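Engineer: What follows is target.cif; its format and atoms are mmCIF, C-alpha atoms.
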data_final
loop_
_atom_site.label_atom_id
_atom_site.label_comp_id
_atom_site.auth_asym_id
_atom_site.auth_seq_id
_atom_site.Cartn_x
_atom_site.Cartn_y
_atom_site.Cartn_z
CA MET W 1 139.02 8.89 71.00
CA LYS W 2 139.79 11.27 73.82
CA ASN W 3 141.97 13.39 71.59
CA GLN W 4 139.34 13.40 68.88
CA LEU W 5 136.77 14.64 71.34
CA MET W 6 139.06 17.31 72.62
CA CYS W 7 139.95 18.46 69.12
CA LEU W 8 136.29 18.60 68.30
CA ALA W 9 135.68 20.67 71.38
CA ALA W 10 138.53 22.94 70.39
CA LEU W 11 137.11 23.48 66.93
CA LEU W 12 133.58 24.08 68.12
CA PHE W 13 134.26 26.20 71.14
CA ALA W 14 137.70 27.65 70.42
CA THR W 15 139.01 26.06 73.60
CA PRO W 16 142.71 25.25 73.70
CA VAL W 17 143.07 21.50 73.37
CA PHE W 18 144.95 20.92 76.59
CA ALA W 19 143.76 23.88 78.60
CA ALA W 20 142.80 23.23 82.16
CA GLU W 21 139.35 24.57 81.35
CA GLU W 22 136.76 23.03 79.07
CA THR W 23 133.42 24.49 78.09
CA VAL W 24 130.03 22.88 77.82
CA SER W 25 127.54 25.03 75.96
CA ILE W 26 123.86 24.91 76.77
CA LYS W 27 121.84 25.60 73.69
CA GLU W 28 118.34 24.67 72.58
CA PHE W 29 117.73 22.57 75.69
CA ALA W 30 120.82 20.42 75.26
CA PHE W 31 124.34 20.19 76.64
CA SER W 32 127.06 20.33 74.00
CA PRO W 33 129.04 18.18 74.10
CA VAL W 34 126.61 15.94 75.86
CA SER W 35 129.50 13.84 77.15
CA MET W 36 133.02 15.05 77.82
CA THR W 37 136.13 13.20 78.98
CA ILE W 38 138.68 15.20 80.94
CA THR W 39 141.70 14.63 83.14
CA PRO W 40 141.70 15.29 86.90
CA GLY W 41 142.27 18.94 87.71
CA THR W 42 140.33 20.20 84.72
CA THR W 43 137.76 22.92 85.25
CA VAL W 44 134.53 22.70 83.29
CA ARG W 45 132.60 25.84 82.47
CA TRP W 46 128.94 25.52 81.54
CA LYS W 47 127.58 28.52 79.67
CA ASN W 48 123.87 28.98 79.06
CA LEU W 49 123.16 30.40 75.61
CA ASP W 50 119.39 29.84 75.84
CA GLY W 51 116.82 32.50 76.70
CA GLU W 52 115.41 29.97 79.15
CA PRO W 53 117.26 29.38 82.44
CA HIS W 54 119.01 26.11 83.17
CA THR W 55 120.80 24.58 86.13
CA ILE W 56 123.67 22.14 86.42
CA ARG W 57 122.99 19.47 89.04
CA SER W 58 125.02 16.31 89.29
CA VAL W 59 122.98 13.23 90.08
CA ASP W 60 125.21 12.47 93.09
CA ALA W 61 125.08 16.14 94.25
CA THR W 62 128.84 16.64 93.78
CA PHE W 63 128.21 19.92 91.98
CA ARG W 64 125.11 22.10 91.86
CA SER W 65 124.54 25.48 90.27
CA ASP W 66 121.93 28.13 90.87
CA ALA W 67 119.66 28.98 87.95
CA LEU W 68 121.73 30.31 85.05
CA ASP W 69 120.07 33.00 83.01
CA GLN W 70 121.14 33.66 79.42
CA ASN W 71 124.93 34.01 79.13
CA ASP W 72 125.49 33.09 82.79
CA SER W 73 128.21 30.51 83.53
CA PHE W 74 128.90 27.94 86.18
CA VAL W 75 132.35 26.42 86.77
CA PHE W 76 133.43 23.33 88.65
CA LYS W 77 136.88 21.81 88.99
CA PHE W 78 137.03 18.04 88.77
CA ASP W 79 139.74 16.49 90.94
CA LYS W 80 138.47 12.97 91.45
CA PRO W 81 138.27 10.42 88.63
CA GLY W 82 134.78 9.13 87.99
CA THR W 83 131.71 9.39 85.81
CA TYR W 84 129.52 12.33 86.72
CA ARG W 85 126.02 12.42 85.30
CA TYR W 86 124.19 15.69 85.59
CA VAL W 87 120.86 17.19 84.63
CA CYS W 88 119.21 20.56 84.38
CA SER W 89 116.80 20.55 87.31
CA ILE W 90 114.47 22.91 85.48
CA HIS W 91 114.38 20.70 82.36
CA PRO W 92 115.41 17.31 83.66
CA GLN W 93 115.15 15.76 80.23
CA MET W 94 118.49 17.52 79.63
CA ILE W 95 121.16 15.05 80.67
CA GLY W 96 124.95 15.28 80.35
CA THR W 97 128.00 13.38 81.49
CA ILE W 98 131.53 14.36 82.53
CA ILE W 99 134.03 11.50 82.62
CA VAL W 100 137.16 12.21 84.62
CA LYS W 101 140.03 9.79 84.13
CA ASN W 102 143.79 9.74 84.19
CA ARG W 103 145.61 9.81 80.90
CA MET V 1 87.42 38.83 79.39
CA SER V 2 85.32 37.32 82.11
CA ASN V 3 83.25 34.23 81.80
CA GLN V 4 81.13 33.58 84.83
CA ASP V 5 78.06 32.13 83.21
CA SER V 6 77.09 28.56 83.65
CA VAL V 7 74.40 26.87 81.67
CA ASN V 8 72.88 23.52 82.32
CA GLN V 9 73.18 21.33 79.33
CA GLY V 10 72.62 17.66 78.67
CA ARG V 11 75.76 15.70 79.36
CA ARG V 12 75.64 13.89 76.09
CA GLY V 13 75.23 17.08 74.12
CA ALA V 14 77.90 18.88 76.08
CA LEU V 15 80.45 16.16 75.59
CA LYS V 16 80.23 16.76 71.88
CA CYS V 17 81.73 20.20 72.22
CA LEU V 18 85.06 19.50 73.80
CA ALA V 19 86.80 21.88 71.43
CA TYR V 20 88.48 24.91 72.91
CA GLY V 21 87.12 28.34 72.20
CA GLY V 22 89.31 31.35 71.73
CA ALA V 23 87.44 33.24 74.40
CA GLY V 24 87.75 30.45 76.91
CA THR V 25 86.02 27.25 77.78
CA LEU V 26 83.85 26.41 80.72
CA PHE V 27 84.14 22.96 82.19
CA THR V 28 81.46 21.60 84.44
CA LEU V 29 81.86 18.47 86.44
CA SER V 30 78.47 17.04 87.23
CA GLY V 31 78.19 13.72 88.97
CA GLY V 32 81.69 12.93 87.78
CA VAL V 33 80.83 13.54 84.15
CA LEU V 34 82.53 16.42 82.43
CA THR V 35 80.54 18.85 80.40
CA ALA V 36 82.25 21.52 78.41
CA LEU V 37 80.71 24.66 77.05
CA ASP V 38 82.43 26.75 74.48
CA LEU V 39 82.19 30.33 75.56
CA THR V 40 81.74 32.62 72.62
CA SER V 41 81.01 35.79 74.50
CA ALA V 42 81.61 37.33 77.86
CA ALA V 43 78.72 36.53 80.13
CA ALA V 44 77.04 39.05 82.34
CA ALA V 45 77.38 38.65 86.05
CA THR V 46 74.62 36.55 87.52
CA PRO V 47 73.62 36.10 91.13
CA ALA V 48 75.36 33.49 93.19
CA GLY V 49 73.20 30.46 93.75
CA LYS V 50 72.06 30.03 90.19
CA ASN V 51 75.55 29.45 88.97
CA GLY V 52 77.09 28.21 92.13
CA LEU V 53 79.56 29.48 94.64
CA PRO V 54 82.92 30.85 93.49
CA LEU V 55 85.38 28.48 95.10
CA PHE V 56 88.88 29.41 94.03
CA LEU V 57 91.04 31.17 91.51
CA GLN V 58 93.96 29.34 89.92
CA ILE V 59 96.88 31.52 88.95
CA SER V 60 100.04 30.02 87.54
CA ASP V 61 103.47 30.59 86.07
CA THR V 62 103.87 34.26 86.88
CA HIS V 63 107.65 33.92 86.25
CA ILE V 64 108.57 37.18 87.96
CA GLY V 65 112.12 37.97 86.82
CA PHE V 66 111.63 36.86 83.22
CA ASN V 67 112.54 39.73 80.89
CA LYS V 68 113.08 38.24 77.44
CA GLU V 69 111.27 39.18 74.25
CA ALA V 70 108.35 36.78 74.75
CA ASN V 71 107.21 39.22 77.46
CA PRO V 72 109.57 41.95 78.69
CA ASP V 73 106.99 43.01 81.32
CA VAL V 74 105.75 39.99 83.27
CA ALA V 75 105.06 42.22 86.30
CA GLY V 76 102.78 44.26 84.07
CA THR V 77 100.80 41.29 82.81
CA LEU V 78 100.47 39.96 86.37
CA THR V 79 99.22 43.36 87.49
CA ARG V 80 96.67 43.33 84.67
CA THR V 81 95.61 39.83 85.66
CA ILE V 82 95.14 40.87 89.27
CA ALA V 83 93.12 43.91 88.21
CA MET V 84 90.93 41.65 86.09
CA VAL V 85 90.32 39.30 89.00
CA ASN V 86 89.69 42.17 91.41
CA ALA V 87 87.05 43.50 89.02
CA MET V 88 85.16 40.20 88.96
CA PRO V 89 81.71 40.64 90.53
CA GLN V 90 82.00 37.39 92.46
CA LYS V 91 85.46 36.78 93.79
CA PRO V 92 86.33 33.37 95.17
CA PRO V 93 87.59 33.11 98.75
CA LEU V 94 90.77 31.25 97.78
CA ALA V 95 93.57 31.65 95.28
CA ILE V 96 95.91 28.85 94.37
CA HIS V 97 99.22 29.58 92.67
CA THR V 98 100.38 26.44 90.90
CA GLY V 99 104.01 27.40 90.72
CA ASP V 100 106.79 29.19 88.90
CA ILE V 101 106.05 32.23 90.97
CA THR V 102 109.55 33.40 90.03
CA HIS V 103 111.81 32.77 87.07
CA LEU V 104 115.18 32.20 88.77
CA SER V 105 114.35 31.66 92.48
CA LYS V 106 116.03 34.95 93.35
CA PRO V 107 115.04 36.69 96.61
CA ALA V 108 114.22 39.94 94.79
CA GLU V 109 111.93 38.04 92.41
CA PHE V 110 110.06 36.43 95.30
CA ASP V 111 109.73 39.82 96.97
CA THR V 112 108.34 41.44 93.83
CA ALA V 113 105.91 38.57 93.33
CA ALA V 114 104.70 38.78 96.93
CA SER V 115 104.23 42.53 96.61
CA LEU V 116 102.18 42.16 93.42
CA LEU V 117 100.12 39.21 94.67
CA SER V 118 99.28 41.13 97.86
CA GLN V 119 97.17 43.40 95.66
CA LEU V 120 94.86 40.50 94.90
CA LYS V 121 91.56 41.01 96.72
CA ILE V 122 91.56 37.39 97.80
CA THR V 123 93.03 36.95 101.22
CA GLU V 124 93.76 33.22 101.35
CA ILE V 125 96.48 32.14 98.94
CA HIS V 126 97.85 28.63 98.66
CA THR V 127 100.92 27.77 96.65
CA THR V 128 102.92 24.88 95.31
CA PRO V 129 106.35 25.56 93.84
CA GLY V 130 107.43 25.14 90.27
CA GLU V 131 110.92 24.02 89.31
CA HIS V 132 111.81 27.68 88.70
CA ASP V 133 111.01 28.38 92.38
CA VAL V 134 113.35 25.72 93.70
CA ALA V 135 116.30 26.39 91.38
CA ASP V 136 118.48 27.92 94.09
CA VAL V 137 121.17 25.52 95.26
CA ASN V 138 119.83 25.12 98.78
CA VAL V 139 116.13 25.32 97.86
CA THR V 140 115.53 27.80 100.67
CA GLU V 141 113.99 30.87 99.03
CA TYR V 142 110.61 29.30 98.34
CA PHE V 143 110.32 27.42 101.59
CA THR V 144 111.26 30.33 103.86
CA ARG V 145 108.33 32.21 102.33
CA TYR V 146 105.75 29.52 101.61
CA GLY V 147 106.88 26.44 103.53
CA LYS V 148 104.77 26.90 106.64
CA PRO V 149 101.49 25.16 105.65
CA SER V 150 103.39 22.03 104.69
CA GLN V 151 106.00 22.25 107.45
CA ASN V 152 108.55 22.58 104.64
CA ARG V 153 107.63 19.22 103.10
CA GLY V 154 105.91 20.90 100.17
CA TYR V 155 102.68 18.86 100.39
CA TYR V 156 99.61 19.37 102.55
CA SER V 157 95.84 19.30 102.41
CA PHE V 158 92.97 21.43 103.63
CA ASP V 159 89.19 21.55 103.41
CA HIS V 160 87.09 24.40 102.22
CA HIS V 161 83.32 24.43 101.85
CA GLY V 162 83.07 20.65 101.75
CA VAL V 163 85.79 20.31 99.14
CA HIS V 164 89.06 18.57 100.00
CA PHE V 165 92.14 20.25 98.54
CA VAL V 166 95.43 18.40 98.16
CA SER V 167 98.55 20.44 97.43
CA LEU V 168 101.31 18.27 95.99
CA ILE V 169 104.91 18.99 95.03
CA ASN V 170 106.49 17.25 92.04
CA VAL V 171 109.47 19.47 91.20
CA LEU V 172 112.05 18.07 93.59
CA ASN V 173 114.31 15.08 93.04
CA PHE V 174 113.66 14.62 89.36
CA LYS V 175 114.56 11.22 88.04
CA ALA V 176 116.75 10.72 84.99
CA ASN V 177 113.61 10.10 82.91
CA GLY V 178 113.08 13.84 83.02
CA LEU V 179 109.58 13.70 84.43
CA GLY V 180 108.32 15.27 87.62
CA ASN V 181 108.45 13.18 90.76
CA LEU V 182 106.28 12.84 93.86
CA GLY V 183 108.36 10.32 95.74
CA HIS V 184 107.59 7.55 98.20
CA ASP V 185 107.04 9.67 101.31
CA GLN V 186 104.56 11.99 99.63
CA LEU V 187 102.66 9.11 98.04
CA GLU V 188 102.39 7.37 101.39
CA TRP V 189 101.14 10.58 102.97
CA LEU V 190 98.58 11.01 100.17
CA GLU V 191 97.22 7.50 100.67
CA GLN V 192 96.75 8.20 104.38
CA ASP V 193 95.30 11.64 103.75
CA LEU V 194 92.57 10.25 101.49
CA LYS V 195 91.85 7.15 103.50
CA GLY V 196 88.48 7.25 105.24
CA ARG V 197 87.15 10.22 103.32
CA SER V 198 83.73 9.91 101.76
CA ALA V 199 83.81 9.10 98.05
CA SER V 200 81.19 11.79 97.53
CA MET V 201 83.51 14.54 98.75
CA PRO V 202 84.76 16.60 95.80
CA ILE V 203 88.55 16.51 95.60
CA VAL V 204 90.83 19.12 94.06
CA VAL V 205 94.44 18.04 93.61
CA TYR V 206 97.07 20.40 92.31
CA ALA V 207 100.78 20.40 91.59
CA HIS V 208 103.02 22.38 89.28
CA MET V 209 103.92 19.81 86.65
CA PRO V 210 101.18 17.80 84.95
CA LEU V 211 100.08 14.74 86.93
CA TRP V 212 99.55 12.97 83.63
CA THR V 213 101.89 12.60 80.72
CA VAL V 214 101.24 15.44 78.31
CA TYR V 215 104.53 15.12 76.41
CA GLU V 216 107.26 12.91 77.74
CA PRO V 217 110.21 14.19 75.62
CA TRP V 218 109.86 17.58 77.28
CA GLY V 219 109.32 16.14 80.75
CA TRP V 220 105.67 17.23 80.73
CA GLY V 221 104.43 14.63 83.15
CA THR V 222 105.08 13.02 86.53
CA GLY V 223 106.76 9.64 86.60
CA ASP V 224 104.94 8.26 89.63
CA ALA V 225 101.61 10.07 89.20
CA ASP V 226 99.76 6.85 88.38
CA GLN V 227 100.11 5.69 91.95
CA ALA V 228 98.66 8.94 93.23
CA MET V 229 95.77 8.61 90.80
CA SER V 230 95.06 5.09 91.99
CA TYR V 231 94.19 6.53 95.42
CA LEU V 232 91.81 9.02 93.81
CA LYS V 233 89.86 6.71 91.52
CA ARG V 234 87.16 5.86 94.06
CA PHE V 235 86.07 9.48 94.45
CA GLY V 236 83.10 10.72 92.47
CA SER V 237 84.55 14.08 91.54
CA VAL V 238 88.29 14.69 91.22
CA THR V 239 89.76 17.78 89.60
CA VAL V 240 93.52 17.69 88.95
CA LEU V 241 95.12 21.04 88.18
CA ASN V 242 98.60 22.08 87.20
CA GLY V 243 100.56 24.79 85.46
CA HIS V 244 104.02 24.38 83.94
CA ILE V 245 103.13 24.11 80.26
CA HIS V 246 101.65 27.63 79.85
CA GLN V 247 98.67 26.49 77.84
CA ILE V 248 95.39 24.69 78.35
CA VAL V 249 95.33 20.98 77.81
CA GLN V 250 92.76 18.77 79.44
CA LYS V 251 91.78 15.16 79.73
CA VAL V 252 89.01 13.19 81.40
CA GLU V 253 89.55 9.72 82.74
CA GLY V 254 86.66 8.20 84.65
CA ASN V 255 85.73 10.66 87.39
CA ILE V 256 89.06 12.47 87.14
CA THR V 257 89.35 15.67 85.14
CA TYR V 258 92.87 16.92 84.41
CA HIS V 259 93.33 20.52 83.44
CA THR V 260 96.40 22.68 82.89
CA ALA V 261 96.33 26.47 83.33
CA ARG V 262 97.63 29.33 81.27
CA SER V 263 100.55 31.44 82.48
CA THR V 264 100.29 35.13 83.29
CA ALA V 265 103.76 35.65 81.80
CA TYR V 266 104.26 34.01 78.40
CA PRO V 267 102.94 31.12 76.32
CA GLN V 268 104.89 28.00 75.44
CA PRO V 269 104.77 26.00 72.22
CA SER V 270 102.40 23.12 71.67
CA PRO V 271 103.96 19.79 72.63
CA GLY V 272 106.81 18.90 70.29
CA GLN V 273 106.74 22.15 68.32
CA GLY V 274 110.28 23.52 68.12
CA SER V 275 113.47 22.66 69.95
CA GLY V 276 112.13 22.71 73.48
CA PRO V 277 109.62 24.06 75.97
CA GLY V 278 110.92 27.62 76.02
CA PRO V 279 109.09 30.94 75.91
CA LEU V 280 107.04 31.35 72.75
CA LYS V 281 107.28 34.74 71.08
CA VAL V 282 103.97 35.84 69.64
CA PRO V 283 102.83 39.19 68.21
CA SER V 284 102.26 41.62 71.10
CA ASP V 285 98.55 41.96 70.36
CA GLU V 286 98.19 38.17 70.53
CA LEU V 287 99.92 37.85 73.90
CA PRO V 288 97.01 38.89 76.18
CA LYS V 289 94.85 36.23 74.54
CA MET V 290 97.31 33.58 75.62
CA LEU V 291 97.66 34.69 79.25
CA GLY V 292 95.11 34.19 81.96
CA VAL V 293 93.72 32.41 84.99
CA SER V 294 91.17 29.73 85.84
CA ASN V 295 88.21 29.94 88.20
CA LEU V 296 86.52 27.04 89.89
CA THR V 297 82.94 27.28 91.06
CA LEU V 298 81.16 24.93 93.43
CA LYS V 299 77.60 23.99 92.58
CA GLN V 300 75.63 22.70 95.51
CA HIS V 301 72.70 20.89 93.89
CA PRO V 302 73.98 18.48 92.85
CA SER V 303 77.47 18.92 94.24
CA SER V 304 79.74 19.55 91.29
CA LEU V 305 82.60 21.76 90.20
CA ALA V 306 82.70 24.10 87.23
CA LEU V 307 85.96 25.36 85.80
CA THR V 308 86.23 28.55 83.78
CA ASP V 309 89.30 29.81 81.94
CA THR V 310 89.69 33.53 81.48
CA THR V 311 92.21 35.38 79.34
CA LEU V 312 93.52 38.93 79.58
CA ALA V 313 91.95 39.83 76.25
#
How does this structure look as structure tokens?

Structural biologist:
Amino acid sequence: MKNQLMCLAALLFATPVFAAEETVSIKEFAFSPVSMTITPGTTVRWKNLDGEPHTIRSVDATFRSDALDQNDSFVFKFDKPGTYRYVCSIHPQMIGTIIVKNR
Amino acid sequence: MSNQDSVNQGRRGALKCLAYGGAGTLFTLSGGVLTALDLTSAAAATPAGKNGLPLFLQISDTHIGFNKEANPDVAGTLTRTIAMVNAMPQKPPLAIHTGDITHLSKPAEFDTAASLLSQLKITEIHTTPGEHDVADVNVTEYFTRYGKPSQNRGYYSFDHHGVHFVSLINVLNFKANGLGNLGHDQLEWLEQDLKGRSASMPIVVYAHMPLWTVYEPWGWGTGDADQAMSYLKRFGSVTVLNGHIHQIVQKVEGNITYHTARSTAYPQPSPGQGSGPGPLKVPSDELPKMLGVSNLTLKQHPSSLALTDTTLA
């Protein structure tokens, strides 16, 4: 399942399958992929493709971005295993999840 | 276009015309009953007294810093709005900005907004932030500039001309349901703030996001607003104002009238139209008709409030 997700991510976002960086696109008021499973040490880059600004705010305040205008990015490196739910504070109906677990 | 006229009309008859007119709609609260008059033409200025006392101007969603195609010149449309208000023959003593002063909570955006708003010939301005104003990580930009009246809590109240104003904040600490949030502390404060006040005192409550659920999938509501409304039900005249959705939607429930304001920057789609609540691109000659402000007038005999929406064209 994990590999399938990563391959899917690779196809959609041209991200190397086992790169230390993964990308979450923000498009049409949604995070894509909405849920991503990564290994500890992986950096996630959120890139806003919408004309409307968005923010990345984890529910437990582990990571928080400023407002991202169109084509702005925010990166965060995940070291600790866990399930991180996050929202866009400007459009809090936008919800995403990063799951960090050891292989 | 300016609509300052106010015409007495039977409540029953007036309630029949709740449709919105392109030129704007006048809402009159009389004894807790809403009357709405479709305004088909700009009314001439009339002396104060006959039509009541101008009480306050509501301006909303100026979004300084926005520069996309829906309106590449939001500073320009705000300037036009201010000029329109300054040209009104009877200016209200107060202005209330119901949030999204800026687009990205950047210091330069706040500075530009303050510079433009200082041209408004209304000296007393009250504000409540929108989620775009508190999007900086530490939520400091808004509060360093506008936090004083609320001692940085974001909520406070004041009285003006026998009307009690309650400024609420519902753009912090969103819950996972995606709706705005008032929170326990603010609700407790509100209950205390209203306790002991005469039920005949007109109340104006404002926040950025709607204090009623306009469209839940887009977060156009406030999850714990019902509790706030339960404290307001006993009052004879309650006007609840917000911005956020960049279009006029209104509802009447008992003695409570809910009304959302237009933006001065850009319109947004009707609830559920399209992929999300983003800027709506319209033909440039249509844009001024979709931007504007609201005015609220106090009528003394009997004590009631009249709300007028005005567009840039």

Engineer: At a cut-off of 12 Å, which residues of chain W touch chain V? Count only C-alpha atoms and give the answer as a PyMOL selection string.

Structural biologist: chain W and resi 27-30+50-70+72+85-96

Engineer: Using C-alpha atoms, can you write the selected residues to a file as a PDB file, in the coordinates of the input?

Structural biologist:
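As a result, part32.pdb now contains:
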ATOM      1  CA  LYS W  27     121.840  25.600  73.690  1.00  0.00           C
ATOM      2  CA  GLU W  28     118.340  24.670  72.580  1.00  0.00           C
ATOM      3  CA  PHE W  29     117.730  22.570  75.690  1.00  0.00           C
ATOM      4  CA  ALA W  30     120.820  20.420  75.260  1.00  0.00           C
ATOM      5  CA  ASP W  50     119.390  29.840  75.840  1.00  0.00           C
ATOM      6  CA  GLY W  51     116.820  32.500  76.700  1.00  0.00           C
ATOM      7  CA  GLU W  52     115.410  29.970  79.150  1.00  0.00           C
ATOM      8  CA  PRO W  53     117.260  29.380  82.440  1.00  0.00           C
ATOM      9  CA  HIS W  54     119.010  26.110  83.170  1.00  0.00           C
ATOM     10  CA  THR W  55     120.800  24.580  86.130  1.00  0.00           C
ATOM     11  CA  ILE W  56     123.670  22.140  86.420  1.00  0.00           C
ATOM     12  CA  ARG W  57     122.990  19.470  89.040  1.00  0.00           C
ATOM     13  CA  SER W  58     125.020  16.310  89.290  1.00  0.00           C
ATOM     14  CA  VAL W  59     122.980  13.230  90.080  1.00  0.00           C
ATOM     15  CA  ASP W  60     125.210  12.470  93.090  1.00  0.00           C
ATOM     16  CA  ALA W  61     125.080  16.140  94.250  1.00  0.00           C
ATOM     17  CA  THR W  62     128.840  16.640  93.780  1.00  0.00           C
ATOM     18  CA  PHE W  63     128.210  19.920  91.980  1.00  0.00           C
ATOM     19  CA  ARG W  64     125.110  22.100  91.860  1.00  0.00           C
ATOM     20  CA  SER W  65     124.540  25.480  90.270  1.00  0.00           C
ATOM     21  CA  ASP W  66     121.930  28.130  90.870  1.00  0.00           C
ATOM     22  CA  ALA W  67     119.660  28.980  87.950  1.00  0.00           C
ATOM     23  CA  LEU W  68     121.730  30.310  85.050  1.00  0.00           C
ATOM     24  CA  ASP W  69     120.070  33.000  83.010  1.00  0.00           C
ATOM     25  CA  GLN W  70     121.140  33.660  79.420  1.00  0.00           C
ATOM     26  CA  ASP W  72     125.490  33.090  82.790  1.00  0.00           C
ATOM     27  CA  ARG W  85     126.020  12.420  85.300  1.00  0.00           C
ATOM     28  CA  TYR W  86     124.190  15.690  85.590  1.00  0.00           C
ATOM     29  CA  VAL W  87     120.860  17.190  84.630  1.00  0.00           C
ATOM     30  CA  CYS W  88     119.210  20.560  84.380  1.00  0.00           C
ATOM     31  CA  SER W  89     116.800  20.550  87.310  1.00  0.00           C
ATOM     32  CA  ILE W  90     114.470  22.910  85.480  1.00  0.00           C
ATOM     33  CA  HIS W  91     114.380  20.700  82.360  1.00  0.00           C
ATOM     34  CA  PRO W  92     115.410  17.310  83.660  1.00  0.00           C
ATOM     35  CA  GLN W  93     115.150  15.760  80.230  1.00  0.00           C
ATOM     36  CA  MET W  94     118.490  17.520  79.630  1.00  0.00           C
ATOM     37  CA  ILE W  95     121.160  15.050  80.670  1.00  0.00           C
ATOM     38  CA  GLY W  96     124.950  15.280  80.350  1.00  0.00           C
TER      39      GLY W  96
END

Engineer: Counting only C-alpha atoms, which residues sit no farther than 8 Å from the position (135.8, 23.5, 79.9) in the file's frame? I'd like them as number ranges by chain.

Structural biologist: W: 15, 20-24, 42-46

Engineer: Kindly resolve the PyMOL selection byres ((chain V and resi 235-249) around 7) on the present coordinates and return the residues as a PDB file with C-alpha atoms, in the coordinates of the input.

Structural biologist:
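To be explicit, this is the file written out as out_36.pdb:
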ATOM      1  CA  GLY V  31      78.190  13.720  88.970  1.00  0.00           C
ATOM      2  CA  GLY V  32      81.690  12.930  87.780  1.00  0.00           C
ATOM      3  CA  SER V  60     100.040  30.020  87.540  1.00  0.00           C
ATOM      4  CA  ASP V  61     103.470  30.590  86.070  1.00  0.00           C
ATOM      5  CA  THR V  98     100.380  26.440  90.900  1.00  0.00           C
ATOM      6  CA  GLY V  99     104.010  27.400  90.720  1.00  0.00           C
ATOM      7  CA  ALA V 199      83.810   9.100  98.050  1.00  0.00           C
ATOM      8  CA  SER V 200      81.190  11.790  97.530  1.00  0.00           C
ATOM      9  CA  PRO V 202      84.760  16.600  95.800  1.00  0.00           C
ATOM     10  CA  ILE V 203      88.550  16.510  95.600  1.00  0.00           C
ATOM     11  CA  VAL V 204      90.830  19.120  94.060  1.00  0.00           C
ATOM     12  CA  VAL V 205      94.440  18.040  93.610  1.00  0.00           C
ATOM     13  CA  TYR V 206      97.070  20.400  92.310  1.00  0.00           C
ATOM     14  CA  ALA V 207     100.780  20.400  91.590  1.00  0.00           C
ATOM     15  CA  HIS V 208     103.020  22.380  89.280  1.00  0.00           C
ATOM     16  CA  MET V 209     103.920  19.810  86.650  1.00  0.00           C
ATOM     17  CA  PRO V 210     101.180  17.800  84.950  1.00  0.00           C
ATOM     18  CA  LEU V 232      91.810   9.020  93.810  1.00  0.00           C
ATOM     19  CA  LYS V 233      89.860   6.710  91.520  1.00  0.00           C
ATOM     20  CA  ARG V 234      87.160   5.860  94.060  1.00  0.00           C
ATOM     21  CA  GLN V 250      92.760  18.770  79.440  1.00  0.00           C
ATOM     22  CA  ASN V 255      85.730  10.660  87.390  1.00  0.00           C
ATOM     23  CA  ILE V 256      89.060  12.470  87.140  1.00  0.00           C
ATOM     24  CA  THR V 257      89.350  15.670  85.140  1.00  0.00           C
ATOM     25  CA  TYR V 258      92.870  16.920  84.410  1.00  0.00           C
ATOM     26  CA  HIS V 259      93.330  20.520  83.440  1.00  0.00           C
ATOM     27  CA  THR V 260      96.400  22.680  82.890  1.00  0.00           C
ATOM     28  CA  ALA V 261      96.330  26.470  83.330  1.00  0.00           C
ATOM     29  CA  ARG V 262      97.630  29.330  81.270  1.00  0.00           C
ATOM     30  CA  SER V 263     100.550  31.440  82.480  1.00  0.00           C
ATOM     31  CA  PRO V 267     102.940  31.120  76.320  1.00  0.00           C
ATOM     32  CA  GLN V 268     104.890  28.000  75.440  1.00  0.00           C
TER      33      GLN V 268
END

Engineer: Can you tell me how far atom CA of Thr102 of chain V sits from atom CA of Gln90 of chain V, in Å to one decimal?

Structural biologist: 27.9 Å

Engineer: Need the shell around segment 37-40 of chain W: protein/DNA/RNA residues with any atom at most 7 Å away, counting all atoms listed in the file. Skip same-chain ones fewer than 4 positions apart. Format as a tab-separated table (two decimals) with C-alpha atoms, in the frame of the given file?

Structural biologist:
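Saved as out-v6.tsv:
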chain	number	residue	atom	x	y	z
W	2	LYS	CA	139.79	11.27	73.82
W	78	PHE	CA	137.03	18.04	88.77
W	79	ASP	CA	139.74	16.49	90.94
W	80	LYS	CA	138.47	12.97	91.45
W	81	PRO	CA	138.27	10.42	88.63
W	98	ILE	CA	131.53	14.36	82.53
W	99	ILE	CA	134.03	11.50	82.62
W	100	VAL	CA	137.16	12.21	84.62
W	101	LYS	CA	140.03	9.79	84.13
W	102	ASN	CA	143.79	9.74	84.19
W	103	ARG	CA	145.61	9.81	80.90

Engineer: Just how far from atom CA of Ser167 of chain V is atom CA of Asp111 of chain V, in Å to one decimal?

Structural biologist: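 Separation of atom CA of Asp111 of chain V and atom CA of Ser167 of chain V: 22.4 Å.
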
Engineer: Between atom CA of Leu298 of chain V and atom CA of Leu53 of chain V, what is the distance, to one decimal in Å?

Structural biologist: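 Result for atom CA of Leu298 of chain V versus atom CA of Leu53 of chain V: 5.0 Å, one decimal.
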
Engineer: Nearest to Ala75 of chain V: which of V:Phe110, V:Tyr215, V:Tyr146, V:Tyr156 is it, counting only C-alpha atoms?

Structural biologist: V:Phe110

Engineer: Residue by residue, what does the PyMOL selection byres ((chain V and resi 282-296) around 6) grab here? Present the result as a PyMOL selection string.

Structural biologist: chain V and resi 55-59+262-264+281+297+306-313

Engineer: Counting only C-alpha atoms, figure out which residue out of V:Thr77, V:Gln192, V:Val163, V:Gly272 gets nearest to Ser304 of chain V.

Structural biologist: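 Ranking V:Thr77, V:Gln192, V:Val163, V:Gly272 by distance to Ser304 of chain V, first place goes to V:Val163.
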